[in-house]
Protein chains: 2
Amino acid sequence: MSEEKQYEPPKVWQWNKDSGGKFANINRPIAGATHEQQLKQGQHPFQLYSLATPNGVKVTVMFEELLEAGIHKAEYDAYLIDISEGDQFGSDFVAINPNSKIPALLDVSGDEPVRVFESGAILLHLAEKFNAFLPEDPNKRTQCLNWLFWQMGSAPYLGGGFGHFYAYAPMKIEYCIDRFTMEVKRQLDVLDQHLADNEYMCGDEYSIADIAIWPWYGALVLGQLYDAAVFIQADSYTHVVRWAENINQRPAVKRGTMVNRAWGEKSQQLHERHDAADFHNKTQDKLAES
Amino acid sequence: MSEEKQYEPPKVWQWNKDSGGKFANINRPIAGATHEQQLKQGQHPFQLYSLATPNGVKVTVMFEELLEAGIHKAEYDAYLIDISEGDQFGSDFVAINPNSKIPALLDVSGDEPVRVFESGAILLHLAEKFNAFLPEDPNKRTQCLNWLFWQMGSAPYLGGGFGHFYAYAPMKIEYCIDRFTMEVKRQLDVLDQHLADNEYMCGDEYSIADIAIWPWYGALVLGQLYDAAVFIQADSYTHVVRWAENINQRPAVKRGTMVNRAWGEKSQQLHERHDAADFHNKTQDKLAES
């Protein structure tokens, strides 16, 4: 620790391109497009440009839930954005999302194309558009939005904090791992106490609050994120585990987590999604493999 | 750095109550109330329990903007939550916000009290309730919500990341300061490029997106946050500075930033707010002082 203590920040910060650990090549102190890019566009009302990280999964699960509920107007094309290759800095992507983060959505269902970015904003946009997965009762709706915003403000401590320092940083820094583990465990306890009295985040209604929270905190306790379930004592959050396992069984969730996935088991990867049959064909692949 | 590299996280994380730096005493890995508490309640339709941190300021500015716009139904009582004393862990506060963070709002304007927590959720709740500071045109509304959610997902890198490691952590860790400075500068550049072509975040309409972003990124470039304006070269973000200075002049912003403030110049502190005259009396105090 002694050497760290001696570090004195300069008066004006300078960009050292060698620092940053894993993903250093995609972290920049400047915004905007780095190259010309023409994104593909399909025939459906919604064009999604994404990747199956937790923030990406929120949106693909939402689309699959809408379709599962028989809302055919929610048909979508999903294209893979390879963030390790810098696709998020291409001109077309930046034109949709100037923040260069997945997921980015182009809603072409109306007269003019509508850009939607930030996973929480996309969930709310779709929920309002289709009157689905958002309670109609004003008080319940507010509670649902409380938890949706809670997820947006909390998960950076899980992803950009805990996940980074526990799994990705080039060195293990005890202070940082302690700091973010403490916060993530507090967040899990917030959820655990809430889910002790509620089947879902907003009572008995499965909603966009669950859809937002599950890919982060559900995946974490199910051991699908950062391989950290033992470290954070995931099984002590019994109500979160019950809720996470329950959601994990939903057909739409099984499909949604496959879309734009570019790692792990091949049979679970559907790089692009254009039709419900794409999953079926995938399953056929799997059967053929076995 | 060598000692840091040698640190190996244990198999299961343990709570070390001595770590944590400034605010270590209010960071816990568990949720829920630590003590019985009875919060005061006033006569107005909205009861706010908060503190003038950036997330708190968002909401007090919103209330003052609503009142400035002649919306008298937005009258509110604001009570100080002293987070250094653990007020956020009191039973009444936790009953409103199980996440134990300010701001927390009780909306008692209707038949039943409605709990609203997370600053972004509070802004949206009030904007929808009063049809104010949220564009009516569906596309513009979506753009406004994109930026509102952007703020919620981005500011943890400014507050919990940059601010913590630059200003509050018990030691200066170069890797962490570099990591979060890079991200904050990228975010400032996102805003700067957007504000080059837009007077406000959503075009020519001042909205909850501005109200959410200003107390963080506006205060940062104005040198009001972490004393970091030189370090991050704030004056290079000319469009953000123009926008921040413009908003800084709004009467409602001048009032809103005083409410629940418990540090700095005495004349700028209004610990509790119950009436528009409270600011006037404050100004009288100031005149009397000079």
# chains A, B, ... in the order shown; residues from 1 in each chain; ligands from 1
call {"tool": "residues_around", "arguments": {"residues": "A:Gly203", "least_positions_apart": "6", "cutoff": "9 Å", "atoms": "only C-alpha atoms", "output": "VMD selection string"}}
result
chain A and resid 140 195 197
call {"tool": "select_by_dssp", "arguments": {"residues": "stretch 69-242 of chain A", "states": "alpha helix (DSSP H)", "output": "count of residues only"}}
result
75
call {"tool": "closest_atom_pairs", "arguments": {"of": "chain B", "to": "chain A", "cutoff": "7 Å", "atoms": "only C-alpha atoms", "output": "tab-separated table"}}
result
residue	atom	partner	partner_atom	distance
B:Met1	CA	A:Glu3	CA	6.0
B:Glu3	CA	A:Met1	CA	6.0
B:Glu4	CA	A:Ile173	CA	5.4
B:Lys5	CA	A:Met171	CA	5.2
B:Tyr7	CA	A:Lys172	CA	6.0
B:Glu8	CA	A:Lys172	CA	6.8
B:Lys11	CA	A:Phe231	CA	5.5
B:Val12	CA	A:Phe231	CA	4.1
B:Trp13	CA	A:Phe231	CA	5.4
B:Gly20	CA	A:Arg179	CA	6.3
B:Arg28	CA	A:Met182	CA	6.3
B:Pro29	CA	A:Arg186	CA	4.2
B:Ile30	CA	A:Arg186	CA	4.5
B:Ala31	CA	A:Val190	CA	5.3
B:Pro98	CA	A:Val190	CA	6.5
B:Asn99	CA	A:Val190	CA	6.2
B:Val114	CA	A:Asn139	CA	6.2
B:Val116	CA	A:Asn146	CA	6.3
B:Phe117	CA	A:Asn146	CA	5.6
B:Glu118	CA	A:Trp150	CA	6.0
B:Gly120	CA	A:Phe149	CA	6.4
B:Ala121	CA	A:Asn146	CA	5.4
B:Asn139	CA	A:Val114	CA	6.2
B:Thr142	CA	A:Val116	CA	6.9
B:Leu145	CA	A:Ala121	CA	6.1
B:Asn146	CA	A:Ala121	CA	5.4
B:Phe149	CA	A:Ala121	CA	6.0
B:Trp150	CA	A:Glu118	CA	6.0
B:Met152	CA	A:Gly153	CA	5.2
B:Gly153	CA	A:Met152	CA	5.2
B:Pro156	CA	A:Pro156	CA	6.3
B:Met171	CA	A:Lys5	CA	5.1
B:Lys172	CA	A:Lys5	CA	5.8
B:Ile173	CA	A:Glu4	CA	5.4
B:Glu174	CA	A:Tyr7	CA	6.5
B:Arg179	CA	A:Gly20	CA	6.4
B:Met182	CA	A:Pro29	CA	4.5
B:Glu183	CA	A:Pro29	CA	5.9
B:Lys185	CA	A:Pro29	CA	5.1
B:Arg186	CA	A:Pro29	CA	4.2
B:Asp189	CA	A:Ala31	CA	5.5
B:Val190	CA	A:Ala31	CA	5.3
B:Val230	CA	A:Val12	CA	6.1
B:Phe231	CA	A:Val12	CA	4.1
B:Ile232	CA	A:Trp13	CA	6.1
B:Gln233	CA	A:Val12	CA	6.8
call {"tool": "atom_distance", "arguments": {"atom1": "atom CA of A:Glu65", "atom2": "atom CA of B:Leu134"}}
result
28.4 Å
call {"tool": "select_by_dssp", "arguments": {"residues": "stretch 94-166 of chain B", "states": "strand (DSSP E or B)", "output": "list in words"}}
result
Ala104, Leu105, Leu106, Asp107, Val114, Arg115, Val116 and Phe117 of chain B
call {"tool": "atom_distance", "arguments": {"atom1": "atom CA of A:His35", "atom2": "atom CA of A:His274"}}
result
26.3 Å
